[in-house]
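Visitor: So that we are looking at the same thing, I have put the structure below in structure tokens.
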Amino acid sequence: MPEIQFREALNQAMCEEMDRDPDVFLIGEEVAEYDGAYKVSQGMLARFGPMRVVDSPISEAGFAGLGVGAAMVGMRPIVEFMTFSFSLVAFDQVVNNAPKMRYMSGGQFKVPIVFRGISGAGQQLAATHSWTVDALYTHVPGLKVVVPTTPYEAKGLLKTAIRDDDPVVFLENEAMYGNRGEVPAEEYLLPFGKADIKREGFHCTIVAWGHGCLTALAAAEQLHKDHGIEVEIIDPRSLRPLDIDTIAESVKKTGCCVTVEEGYPTCGMGAEITAQVQEKCFDDLDHHIIRVGSLDVPMPYSKVLLNHVVPGAQRVAEAVKQAIYFQR
Amino acid sequence: MITLVEQSQKVEPSPAQMMDWYRQMALIRQFELRCAQSYQQQKIGGFCHLYVGQEAVAVGSIAAVRPTDYIITAYRDHGHAIARGMDCQSLLAELYGKASGCSHGKGGSMHFFDREKNFFGGHAIVAGHVPLAVGLGWAIKYRKEDRVVLCYFGDGAMNQGAFHEALNLAGLFKLPVIFMVENNGYGMGTHVQRASAVAELKLRTGDAYGIPGKHVDGMDCLAMYEMTLAAAQYCRAGHGSLFIEVKTYRYRGHSMSDPQKYRTREEVAKYQEHDPIGRLEKLLRAKNLLDDAKVQAINNEIHAHVEEAHHQADMAPFPQTQDVWKDVYANPYGPYKS
Ligand SMILES: Cc1ncc(C[n+]2csc(CCOP(=O)(O)OP(=O)(O)O)c2C)c(N)n1
Ligand SMILES: [Mg+2]
């Protein structure tokens with residue numbers, strides 16, 4: 001299987017879907033002539049022309065809404081936010097117009113749109129530019145929220161997102177764009193709502209996705225090497241719909257659970273997963289579920305502060321040790 | 001079209017003032033070059049947007065307002081902070097993520113703040129601060145104070161909803177705000193003409209919001225001073241807001257990682273011929289206020305000053321990790337600890 005970068009996987013998904021369906025187009029800031037602020041749309045303007053790969057002024061509310069309007073008459077827009085931190089100036093379009101149109105119109109309108117771009121802290125961009133928006137958007141009925149961890153998932157899930165008849169928030173991470181992974185040469189799609197077991201184990205379940213999943217994998221490797229602790233990592237891939245069954249099955253086996261996210265713990269994804277796991281696994285839990293997330297403060301600029309706020313492998317490993325009552 | 005000042009009322013800046021502006025512009029430029037170096041040495045992280053080429057805008061305009069007037073700008077804020085008199089050491093310390101930084105290491109390049117100097121930031125969301133300028137203007141009018149607000153933003157910011165809502169409010173309430181667009185030709189890699197339905201930006205406010213639009217050459221420090229002085233008088237007299245389109249140019253990339261494929265070297269060189277520092281220097285030489293030796297001496301002095309600030313900032317301690325909890329709420333440690 002060819003090995004490609006995460007950003008190339010996204011690029012392939014968009015190009016294949018644009019070849020397949022003339023109603024698919026990409027709009028966002030610097031996506032066309034600049035080839036994408038993070039080079040995800042490299043070469044797409046040359047291939048599809050300026051009506052299908054569209055540079056927008058810095059008008060997020062405007063072009064997100066443009067996308068929703070076009071989707072209402074059956075087009076399939078891919079709206080790129082340079083980062084999801086900037087989606088917040090278009091919040092109304094993403095949380096109201098896109099996800100509620102079908103419902104409010106009694107099913108007369110569908111909104112098959114993808115909002116994609118990077119989310120997450122870690123780049124020293126300070127408080128306004130470092131949003132992890134997983135929980136914000138998963139909160140909203142009518143939206144689907146997808147977070148790929150590998151290039152393979154990035155391509156398969158993005159193709160599914162573009163074909164989906166409902167609005168999808170598709171969350172990428174700047175630190176992962178250069179990551180490489182195997183991607184089949186032949187076409188494939190990956191379903192939403194189907195978790196992936198990223199690592200098998202029996203001592204403790206970790207639920208983690210996206211960049212946080214890479215942190216969890218690093219922690220699992222360390223725990224295995226240092227202490228022979230075998231962690232099972234469940235990657236939900238989509239946060240809404242959430243494959244709680246696969247998570248619960250794992251927790252029933254291990255008897256404990258740690259959630260890892262880069263967003264905030266208060267009303268975060270970990271809180272939601274914790275609630276759902278205890279509903280299904282109350283009698284199986286040997287320890288309360290532990291949520292690992294960013295500290296509950298705005299993101300600071302200074303690297304020493306930021307490294308303290310965003311969870312690393314060390315904090316995940318400590319949480320696992322606590323959850324399994326590990327005594328050295 | 002309103003006239004801001006009668007020709008006879010024009011104030012000729014003194015030699016001392018002009019020399020001061022020359023020094024400030026030279027300081028900003030050397031400061032920015034130091035930043036570029038420190039960024040490469042990874043002493044600075046995150047995004048860092050340099051002001052090289054645009055120095056006359058901040059220096060000329062801030063010289064025309066009073067220390068009690070309010071200043072607010074976007075993320076390309078180093079020049080405005082220096083022109084407002086903020087100390088290079090506290091700015092570099094901020095860039096290096098140090099506790100002694102002007103925002104205690106919490107803000108970085110895009111978020112310089114100084115309450116005492118009436119410098120209200122440094123704001124990273126494009127146009128997000130323009131409504132804040134209106135709020136500052138509102139407070140001034142409400143409290144019947146003798147102040148004005150100087151609000152800077154880029155050409156790209158004029159395509160945000162927040163900008164238009166803010167201008168309508170300022171026009172409606174007749175608030176003492178000078179809106180200054182630093183039209184440097186580009187928002188990242190997008191030329192103004194590819195982003196704005198009307199390329200002449202001053203036409204986009206004027207009659208639409210009842211805010212007169214003016215136009216000034218931002219490569220000319222004296223013109224900036226004159227225009228801003230007149231604008232401030234207009235606002236202080238209670239006439240309401242003004243919009244000024246400043247034509248300027250940035251020599252460097254948008255931020256530190258910009259291959260600049262959207263423009264040619266020739267284009268940059270063409271603008272550098274009208275360099276704001278070179279232009280003022282020429283004038284000062286003609287007035288016998290500067291010669292080769294003086295230019296050299298000033299540059300050496302500034303270089304030593306910047307290097308000393310860099311050294312001090314570099315040696316300064318990082319914040320303590322527990323400081324992440326500080327300043328989230330009024331209570332130093334918020335609701336987390338008592
Ligand atoms: C709402 C929002 N969208 C996008 C960005 C990313 N961004 C940062 S600066 C910039 C270009 C702004 O150009 P302009 O306003 O002309 O200012 P200049 O950089 O030229 O000073 C963009 C798109 C942002 N910071 N905020
Ligand atoms: Mg600009």
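By convention in this document, the chains of the structure tokens carry letters A, B, ... by their order, each chain's residues are numbered from 1, and ligands are numbered from 1 in the order they are shown.
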Applying 6 Å and only C-alpha atoms, which residues near A:Trp209 remain after dropping the ones on its own chain fewer than 3 positions away? List them as a ChimeraX atom specification.

Guide: /A:212-213,235

Visitor: Would you export the selected residues with N, CA and C atoms as a compact mmCIF listing (two decimals), in the first residue's frame, please?

Guide:
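Writing the result to again.txt gives the following:
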```txt
# COMPACT_ATOMS: atom_id res chain seq x y z
N GLY A 212 -5.11 13.54 20.42
CA GLY A 212 -5.12 12.92 21.76
C GLY A 212 -4.88 11.42 21.69
N CYS A 213 -5.30 10.80 20.60
CA CYS A 213 -5.10 9.37 20.43
C CYS A 213 -3.62 9.05 20.25
N ASP A 235 -10.64 4.21 19.62
CA ASP A 235 -10.72 5.48 18.91
C ASP A 235 -12.11 5.57 18.27
```

Visitor: Set the distance at 6 Å and use only C-alpha atoms: which residues neighbour stretch 103-120 of chain A once local chain neighbours fewer than 5 positions away are removed? I'd like the list as a PyMOL selection string.

Guide: chain A and resi 71-72+76-84+130-132+165-174

Visitor: If you count only C-alpha atoms, which residues fall within 8 Å of A:Gly122, apart from same-chain ones fewer than 6 positions away, as number ranges by chain?

Guide: A: 130, 306-307, 310

Visitor: Could you pull out the strand (DSSP E) residues of stretch 62-126 of chain A from DSSP and send them as a PDB file with N, CA and C atoms, in the first residue's frame?

Guide:
```
ATOM      1  N   ARG A  76     -22.872  20.280  -2.833  1.00  0.00           N
ATOM      2  CA  ARG A  76     -22.170  19.647  -1.719  1.00  0.00           C
ATOM      3  C   ARG A  76     -20.891  20.426  -1.408  1.00  0.00           C
ATOM      4  N   PRO A  77     -21.035  21.530  -0.693  1.00  0.00           N
ATOM      5  CA  PRO A  77     -19.869  22.375  -0.419  1.00  0.00           C
ATOM      6  C   PRO A  77     -18.954  21.747   0.628  1.00  0.00           C
ATOM      7  N   ILE A  78     -17.650  21.950   0.407  1.00  0.00           N
ATOM      8  CA  ILE A  78     -16.665  21.684   1.453  1.00  0.00           C
ATOM      9  C   ILE A  78     -16.185  23.063   1.879  1.00  0.00           C
ATOM     10  N   VAL A  79     -16.479  23.432   3.107  1.00  0.00           N
ATOM     11  CA  VAL A  79     -16.078  24.741   3.608  1.00  0.00           C
ATOM     12  C   VAL A  79     -14.844  24.556   4.479  1.00  0.00           C
ATOM     13  N   GLU A  80     -13.732  25.136   4.063  1.00  0.00           N
ATOM     14  CA  GLU A  80     -12.514  25.027   4.880  1.00  0.00           C
ATOM     15  C   GLU A  80     -12.384  26.247   5.776  1.00  0.00           C
ATOM     16  N   PHE A  81     -12.294  26.003   7.086  1.00  0.00           N
ATOM     17  CA  PHE A  81     -11.891  27.057   8.007  1.00  0.00           C
ATOM     18  C   PHE A  81     -10.382  26.951   8.174  1.00  0.00           C
ATOM     19  N   MET A  82      -9.708  28.084   8.030  1.00  0.00           N
ATOM     20  CA  MET A  82      -8.248  28.062   8.177  1.00  0.00           C
ATOM     21  C   MET A  82      -7.909  27.405   9.514  1.00  0.00           C
ATOM     22  N   THR A  83      -8.652  27.758  10.543  1.00  0.00           N
ATOM     23  CA  THR A  83      -8.712  26.933  11.748  1.00  0.00           C
ATOM     24  C   THR A  83     -10.137  27.042  12.282  1.00  0.00           C
ATOM     25  N   VAL A 114     -19.807  19.949   4.338  1.00  0.00           N
ATOM     26  CA  VAL A 114     -18.704  19.570   5.232  1.00  0.00           C
ATOM     27  C   VAL A 114     -17.992  20.851   5.659  1.00  0.00           C
ATOM     28  N   PHE A 115     -17.861  21.043   6.962  1.00  0.00           N
ATOM     29  CA  PHE A 115     -17.001  22.101   7.488  1.00  0.00           C
ATOM     30  C   PHE A 115     -15.723  21.413   7.950  1.00  0.00           C
ATOM     31  N   ARG A 116     -14.606  21.753   7.330  1.00  0.00           N
ATOM     32  CA  ARG A 116     -13.378  21.084   7.760  1.00  0.00           C
ATOM     33  C   ARG A 116     -12.242  22.089   7.997  1.00  0.00           C
ATOM     34  N   GLY A 117     -11.238  21.605   8.754  1.00  0.00           N
ATOM     35  CA  GLY A 117     -10.092  22.452   9.064  1.00  0.00           C
ATOM     36  C   GLY A 117      -9.441  21.970  10.340  1.00  0.00           C
ATOM     37  N   ILE A 118      -8.453  22.737  10.811  1.00  0.00           N
ATOM     38  CA  ILE A 118      -7.738  22.286  11.998  1.00  0.00           C
ATOM     39  C   ILE A 118      -8.383  22.807  13.263  1.00  0.00           C
TER      40      ILE A 118
END
```

Visitor: Taking the DSSP secondary structure from the backbone, can you list the residues of stretch 37-250 of chain A that are alpha helix (DSSP H), as an NGL selection string?

Guide: :A and (44-48 or 60-72 or 91-92 or 98-104 or 134-138 or 151-163 or 210-227 or 244-250)

Visitor: Find the residue from B:Met188, B:Leu33, B:Leu95, B:Val181 that sits nearest to B:Thr205; use only C-alpha atoms when measuring.

Guide: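 Closest to B:Thr205 of all the choices is B:Val181.
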
Visitor: Would you mind listing, as a PyMOL selection string, all residues of chain B that have at least one atom within 8 Å of chain A, where only C-alpha atoms are what counts?

Guide: chain B and resi 45-47+96-98+105-108+124-126+156-157+159-161+188-190+194-196+261-262+318-321+323-325+328

Visitor: Neighbouring residues of A:Leu189 were defined as those with any atom within 9 Å, considering only C-alpha atoms; residues of the same chain fewer than 5 positions away were excluded. Please report them as number ranges by chain.

Guide: A: 153, 155-160

Visitor: Let's have the selection written as a short mmCIF file (atom, residue, chain, number, x, y, z; two decimals), in the first residue's frame, with C-alpha atoms.

Guide:
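Result went into again_19.cif, see below:
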```cif
data_model
loop_
_atom_site.label_atom_id
_atom_site.label_comp_id
_atom_site.auth_asym_id
_atom_site.auth_seq_id
_atom_site.Cartn_x
_atom_site.Cartn_y
_atom_site.Cartn_z
CA GLU A 153 -9.05 7.38 8.31
CA LYS A 155 -9.36 9.84 3.47
CA GLY A 156 -12.07 7.27 4.13
CA LEU A 157 -13.96 9.43 6.59
CA LEU A 158 -13.74 12.61 4.50
CA LYS A 159 -15.19 10.83 1.47
CA THR A 160 -18.05 9.61 3.63
#
```

Visitor: Can I get the residues of chain B within 10 Å of ligand 2, each with the closest pair of atoms and their distance in Å to one decimal, using only C-alpha atoms and all ligand atoms, sorted chain first then ascending number, as a tab-separated table?

Guide:
```
residue	atom	partner	partner_atom_place_in_ligand_line	distance
B:Arg76	CA	ligand 2	1 (Mg)	9.9
B:Phe153	CA	ligand 2	1 (Mg)	8.2
B:Gly154	CA	ligand 2	1 (Mg)	4.6
B:Asp155	CA	ligand 2	1 (Mg)	4.7
B:Gly156	CA	ligand 2	1 (Mg)	5.5
B:Ala157	CA	ligand 2	1 (Mg)	8.1
B:Met158	CA	ligand 2	1 (Mg)	9.9
B:Val181	CA	ligand 2	1 (Mg)	8.6
B:Glu182	CA	ligand 2	1 (Mg)	6.7
B:Asn183	CA	ligand 2	1 (Mg)	5.4
B:Asn184	CA	ligand 2	1 (Mg)	4.6
B:Gly185	CA	ligand 2	1 (Mg)	5.5
B:Tyr186	CA	ligand 2	1 (Mg)	4.1
B:Gly187	CA	ligand 2	1 (Mg)	4.1
B:Met188	CA	ligand 2	1 (Mg)	6.9
B:Gly189	CA	ligand 2	1 (Mg)	9.1
B:Thr190	CA	ligand 2	1 (Mg)	8.6
B:His191	CA	ligand 2	1 (Mg)	8.2
B:Val192	CA	ligand 2	1 (Mg)	7.7
B:Thr248	CA	ligand 2	1 (Mg)	8.9
B:Tyr249	CA	ligand 2	1 (Mg)	8.2
B:Arg250	CA	ligand 2	1 (Mg)	8.2
B:His254	CA	ligand 2	1 (Mg)	8.4
```

Visitor: Let me see the file: selected residues, N, CA, C and O atoms, as an mmCIF file, in the first residue's frame.

Guide:
```cif
data_model
loop_
_atom_site.group_PDB
_atom_site.id
_atom_site.type_symbol
_atom_site.label_atom_id
_atom_site.label_comp_id
_atom_site.auth_asym_id
_atom_site.auth_seq_id
_atom_site.Cartn_x
_atom_site.Cartn_y
_atom_site.Cartn_z
ATOM 1 N N ARG B 76 -0.657 42.482 14.161
ATOM 2 C CA ARG B 76 0.627 43.013 13.669
ATOM 3 C C ARG B 76 0.940 44.243 14.517
ATOM 4 O O ARG B 76 0.942 45.370 14.046
ATOM 5 N N PHE B 153 -6.552 48.384 11.775
ATOM 6 C CA PHE B 153 -6.873 47.036 11.298
ATOM 7 C C PHE B 153 -6.371 46.933 9.866
ATOM 8 O O PHE B 153 -6.037 47.935 9.240
ATOM 9 N N GLY B 154 -6.358 45.707 9.338
ATOM 10 C CA GLY B 154 -5.853 45.501 7.987
ATOM 11 C C GLY B 154 -6.955 45.584 6.949
ATOM 12 O O GLY B 154 -8.146 45.577 7.272
ATOM 13 N N ASP B 155 -6.552 45.641 5.687
ATOM 14 C CA ASP B 155 -7.525 45.668 4.597
ATOM 15 C C ASP B 155 -8.418 44.423 4.631
ATOM 16 O O ASP B 155 -9.609 44.489 4.330
ATOM 17 N N GLY B 156 -7.832 43.294 5.039
ATOM 18 C CA GLY B 156 -8.609 42.049 5.084
ATOM 19 C C GLY B 156 -9.738 42.110 6.093
ATOM 20 O O GLY B 156 -10.787 41.465 5.927
ATOM 21 N N ALA B 157 -9.545 42.895 7.140
ATOM 22 C CA ALA B 157 -10.535 42.962 8.220
ATOM 23 C C ALA B 157 -11.845 43.592 7.767
ATOM 24 O O ALA B 157 -12.894 43.389 8.381
ATOM 25 N N MET B 158 -11.777 44.355 6.681
ATOM 26 C CA MET B 158 -12.987 45.047 6.228
ATOM 27 C C MET B 158 -14.007 44.096 5.601
ATOM 28 O O MET B 158 -15.104 44.515 5.236
ATOM 29 N N VAL B 181 -7.581 51.970 8.427
ATOM 30 C CA VAL B 181 -7.237 50.724 7.748
ATOM 31 C C VAL B 181 -5.827 50.837 7.200
ATOM 32 O O VAL B 181 -5.499 51.769 6.473
ATOM 33 N N GLU B 182 -4.969 49.910 7.605
ATOM 34 C CA GLU B 182 -3.612 49.866 7.061
ATOM 35 C C GLU B 182 -3.664 48.979 5.822
ATOM 36 O O GLU B 182 -3.486 47.775 5.899
ATOM 37 N N ASN B 183 -3.955 49.615 4.706
ATOM 38 C CA ASN B 183 -4.071 48.870 3.455
ATOM 39 C C ASN B 183 -2.681 48.600 2.895
ATOM 40 O O ASN B 183 -2.109 49.420 2.189
ATOM 41 N N ASN B 184 -2.166 47.416 3.241
ATOM 42 C CA ASN B 184 -0.827 47.045 2.765
ATOM 43 C C ASN B 184 -0.907 46.173 1.510
ATOM 44 O O ASN B 184 0.042 45.493 1.142
ATOM 45 N N GLY B 185 -2.062 46.173 0.899
ATOM 46 C CA GLY B 185 -2.201 45.494 -0.387
ATOM 47 C C GLY B 185 -2.649 44.050 -0.295
ATOM 48 O O GLY B 185 -3.254 43.525 -1.232
ATOM 49 N N TYR B 186 -2.376 43.405 0.826
ATOM 50 C CA TYR B 186 -2.667 41.979 0.937
ATOM 51 C C TYR B 186 -3.247 41.596 2.288
ATOM 52 O O TYR B 186 -2.877 42.154 3.321
ATOM 53 N N GLY B 187 -4.147 40.640 2.283
ATOM 54 C CA GLY B 187 -4.524 39.897 3.472
ATOM 55 C C GLY B 187 -3.955 38.512 3.249
ATOM 56 O O GLY B 187 -4.377 37.803 2.347
ATOM 57 N N MET B 188 -2.945 38.172 3.980
ATOM 58 C CA MET B 188 -2.124 36.970 3.716
ATOM 59 C C MET B 188 -1.669 36.971 2.262
ATOM 60 O O MET B 188 -1.005 37.898 1.844
ATOM 61 N N GLY B 189 -2.110 35.972 1.462
ATOM 62 C CA GLY B 189 -1.664 35.936 0.069
ATOM 63 C C GLY B 189 -2.687 36.504 -0.894
ATOM 64 O O GLY B 189 -2.541 36.371 -2.111
ATOM 65 N N THR B 190 -3.742 37.135 -0.355
ATOM 66 C CA THR B 190 -4.820 37.594 -1.216
ATOM 67 C C THR B 190 -4.750 39.100 -1.430
ATOM 68 O O THR B 190 -4.836 39.873 -0.470
ATOM 69 N N HIS B 191 -4.577 39.516 -2.667
ATOM 70 C CA HIS B 191 -4.535 40.939 -2.975
ATOM 71 C C HIS B 191 -5.898 41.567 -2.707
ATOM 72 O O HIS B 191 -6.937 40.918 -2.898
ATOM 73 N N VAL B 192 -5.890 42.821 -2.294
ATOM 74 C CA VAL B 192 -7.143 43.524 -1.978
ATOM 75 C C VAL B 192 -8.164 43.375 -3.104
ATOM 76 O O VAL B 192 -9.355 43.183 -2.857
ATOM 77 N N THR B 248 -0.199 51.567 2.432
ATOM 78 C CA THR B 248 1.124 51.195 2.922
ATOM 79 C C THR B 248 1.525 49.869 2.297
ATOM 80 O O THR B 248 0.872 49.398 1.366
ATOM 81 N N TYR B 249 2.608 49.284 2.782
ATOM 82 C CA TYR B 249 3.101 48.045 2.176
ATOM 83 C C TYR B 249 3.956 47.293 3.183
ATOM 84 O O TYR B 249 4.754 47.899 3.901
ATOM 85 N N ARG B 250 3.764 45.979 3.252
ATOM 86 C CA ARG B 250 4.663 45.208 4.126
ATOM 87 C C ARG B 250 5.744 44.547 3.274
ATOM 88 O O ARG B 250 5.461 43.954 2.250
ATOM 89 N N HIS B 254 3.647 37.558 5.206
ATOM 90 C CA HIS B 254 2.530 37.789 6.121
ATOM 91 C C HIS B 254 2.926 37.458 7.550
ATOM 92 O O HIS B 254 2.714 38.229 8.471
#
```

Visitor: Between A:Cys256, A:Leu190, A:Ala208, A:Val133, single out the one closest to A:Phe91, counting only C-alpha atoms.

Guide: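 Closest to A:Phe91 of all the choices is A:Val133.
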
Visitor: If we count only C-alpha atoms and set the cut-off at 9 Å, which residues sit around A:Asn97, ignoring sequence neighbours fewer than 2 positions away in its own chain? Please answer as a PyMOL selection string.

Guide: chain A and resi 65+68-69+92-95+99-101+111

Visitor: Restricting the output to all heavy atoms, write the selected residues as a PDB file, in the first residue's frame.

Guide:
```pdb
ATOM      1  N   GLY A  65     -22.138  30.531   5.443  1.00  0.00           N
ATOM      2  CA  GLY A  65     -23.555  30.663   5.093  1.00  0.00           C
ATOM      3  C   GLY A  65     -23.787  30.424   3.611  1.00  0.00           C
ATOM      4  O   GLY A  65     -24.773  29.799   3.215  1.00  0.00           O
ATOM      5  N   VAL A  68     -24.056  26.804   3.196  1.00  0.00           N
ATOM      6  CA  VAL A  68     -25.346  26.254   3.646  1.00  0.00           C
ATOM      7  C   VAL A  68     -26.427  26.530   2.603  1.00  0.00           C
ATOM      8  O   VAL A  68     -27.209  25.650   2.242  1.00  0.00           O
ATOM      9  CB  VAL A  68     -25.751  26.836   5.021  1.00  0.00           C
ATOM     10  CG1 VAL A  68     -27.137  26.342   5.425  1.00  0.00           C
ATOM     11  CG2 VAL A  68     -24.728  26.447   6.090  1.00  0.00           C
ATOM     12  N   GLY A  69     -26.442  27.752   2.094  1.00  0.00           N
ATOM     13  CA  GLY A  69     -27.437  28.097   1.072  1.00  0.00           C
ATOM     14  C   GLY A  69     -27.296  27.224  -0.165  1.00  0.00           C
ATOM     15  O   GLY A  69     -28.283  26.698  -0.690  1.00  0.00           O
ATOM     16  N   ASP A  92     -23.115  30.891  14.190  1.00  0.00           N
ATOM     17  CA  ASP A  92     -24.551  30.813  13.883  1.00  0.00           C
ATOM     18  C   ASP A  92     -24.814  29.949  12.651  1.00  0.00           C
ATOM     19  O   ASP A  92     -25.753  29.152  12.629  1.00  0.00           O
ATOM     20  CB  ASP A  92     -25.092  32.229  13.673  1.00  0.00           C
ATOM     21  CG  ASP A  92     -26.591  32.223  13.425  1.00  0.00           C
ATOM     22  OD1 ASP A  92     -27.322  31.614  14.226  1.00  0.00           O
ATOM     23  OD2 ASP A  92     -27.026  32.822  12.414  1.00  0.00           O
ATOM     24  N   GLN A  93     -23.976  30.101  11.648  1.00  0.00           N
ATOM     25  CA  GLN A  93     -24.159  29.306  10.424  1.00  0.00           C
ATOM     26  C   GLN A  93     -23.950  27.817  10.708  1.00  0.00           C
ATOM     27  O   GLN A  93     -24.677  26.970  10.195  1.00  0.00           O
ATOM     28  CB  GLN A  93     -23.184  29.763   9.328  1.00  0.00           C
ATOM     29  CG  GLN A  93     -23.351  31.218   8.905  1.00  0.00           C
ATOM     30  CD  GLN A  93     -24.725  31.515   8.340  1.00  0.00           C
ATOM     31  OE1 GLN A  93     -25.420  30.637   7.830  1.00  0.00           O
ATOM     32  NE2 GLN A  93     -25.146  32.766   8.443  1.00  0.00           N
ATOM     33  N   VAL A  94     -22.934  27.521  11.527  1.00  0.00           N
ATOM     34  CA  VAL A  94     -22.584  26.116  11.764  1.00  0.00           C
ATOM     35  C   VAL A  94     -23.555  25.451  12.734  1.00  0.00           C
ATOM     36  O   VAL A  94     -23.921  24.295  12.547  1.00  0.00           O
ATOM     37  CB  VAL A  94     -21.125  25.980  12.276  1.00  0.00           C
ATOM     38  CG1 VAL A  94     -20.725  24.508  12.386  1.00  0.00           C
ATOM     39  CG2 VAL A  94     -20.154  26.702  11.348  1.00  0.00           C
ATOM     40  N   VAL A  95     -23.981  26.166  13.756  1.00  0.00           N
ATOM     41  CA  VAL A  95     -24.821  25.506  14.777  1.00  0.00           C
ATOM     42  C   VAL A  95     -26.317  25.739  14.583  1.00  0.00           C
ATOM     43  O   VAL A  95     -27.128  25.066  15.217  1.00  0.00           O
ATOM     44  CB  VAL A  95     -24.432  25.904  16.219  1.00  0.00           C
ATOM     45  CG1 VAL A  95     -22.961  25.607  16.471  1.00  0.00           C
ATOM     46  CG2 VAL A  95     -24.755  27.360  16.514  1.00  0.00           C
ATOM     47  N   PRO A  99     -27.346  22.722  10.798  1.00  0.00           N
ATOM     48  CA  PRO A  99     -27.918  21.498  11.387  1.00  0.00           C
ATOM     49  C   PRO A  99     -29.426  21.537  11.619  1.00  0.00           C
ATOM     50  O   PRO A  99     -30.020  20.496  11.875  1.00  0.00           O
ATOM     51  CB  PRO A  99     -27.190  21.392  12.733  1.00  0.00           C
ATOM     52  CG  PRO A  99     -26.832  22.785  13.098  1.00  0.00           C
ATOM     53  CD  PRO A  99     -26.607  23.512  11.806  1.00  0.00           C
ATOM     54  N   LYS A 100     -30.051  22.687  11.542  1.00  0.00           N
ATOM     55  CA  LYS A 100     -31.457  22.745  11.937  1.00  0.00           C
ATOM     56  C   LYS A 100     -32.415  22.952  10.772  1.00  0.00           C
ATOM     57  O   LYS A 100     -33.631  22.942  10.947  1.00  0.00           O
ATOM     58  CB  LYS A 100     -31.644  23.830  13.005  1.00  0.00           C
ATOM     59  CG  LYS A 100     -30.919  23.420  14.283  1.00  0.00           C
ATOM     60  CD  LYS A 100     -30.733  24.546  15.272  1.00  0.00           C
ATOM     61  CE  LYS A 100     -29.886  24.050  16.455  1.00  0.00           C
ATOM     62  NZ  LYS A 100     -29.454  25.163  17.302  1.00  0.00           N
ATOM     63  N   MET A 101     -31.852  23.147   9.586  1.00  0.00           N
ATOM     64  CA  MET A 101     -32.687  23.434   8.416  1.00  0.00           C
ATOM     65  C   MET A 101     -33.618  22.264   8.095  1.00  0.00           C
ATOM     66  O   MET A 101     -34.806  22.449   7.823  1.00  0.00           O
ATOM     67  CB  MET A 101     -31.785  23.733   7.219  1.00  0.00           C
ATOM     68  CG  MET A 101     -32.466  24.517   6.123  1.00  0.00           C
ATOM     69  SD  MET A 101     -33.066  26.113   6.697  1.00  0.00           S
ATOM     70  CE  MET A 101     -31.537  26.992   6.978  1.00  0.00           C
ATOM     71  N   VAL A 111     -29.038  19.589   4.122  1.00  0.00           N
ATOM     72  CA  VAL A 111     -27.852  20.451   4.055  1.00  0.00           C
ATOM     73  C   VAL A 111     -26.593  19.572   4.033  1.00  0.00           C
ATOM     74  O   VAL A 111     -25.943  19.348   5.047  1.00  0.00           O
ATOM     75  CB  VAL A 111     -27.813  21.455   5.228  1.00  0.00           C
ATOM     76  CG1 VAL A 111     -26.578  22.364   5.103  1.00  0.00           C
ATOM     77  CG2 VAL A 111     -29.081  22.309   5.257  1.00  0.00           C
TER      78      VAL A 111
END
```

Visitor: So, with only C-alpha atoms and all ligand atoms as the atoms that count, which of A:Ala13, A:Val231, A:Val251, A:Val31 lies closest to ligand 1?

Guide: A:Val31

Visitor: Considering only C-alpha atoms, can you say which of A:Thr246, A:Val140, A:Gly293, A:Glu182 comes closest to A:Gln276?

Guide: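 Checking each candidate against A:Gln276, we get A:Thr246 as the closest.
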
Visitor: Please measure the separation of atom CA of B:His215 and atom CA of B:Lys202, giving the value in Å to one decimal.

Guide: 7.0 Å

Visitor: Residues within 9 Å of stretch 295-306 of chain B, please, as a PyMOL selection string. Count only C-alpha atoms; anything in the same chain fewer than 4 positions from it doesn't count.

Guide: chain B and resi 23+26-27+30-31+34+88-89+281+290-291+310-311

Visitor: Mind checking which residues fall within 8 Å of B:Val149, counting only C-alpha atoms, ignoring those fewer than 3 positions away in the same chain, and posting them as a list in words?

Guide: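 With the cut-off at 8 Å, the set is Asp69, Tyr70, Ile71, Ile72, Ala133, Leu136, Gly137, Pro176, Val177 and Ile178 of chain B.
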
Visitor: Which is closer to ligand 1 than all the others in A:Ser294, A:Leu214, A:Thr150, A:Phe63, using only C-alpha atoms and all ligand atoms?

Guide: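 Counting only C-alpha atoms and all ligand atoms, the residue closest to ligand 1 is A:Phe63.
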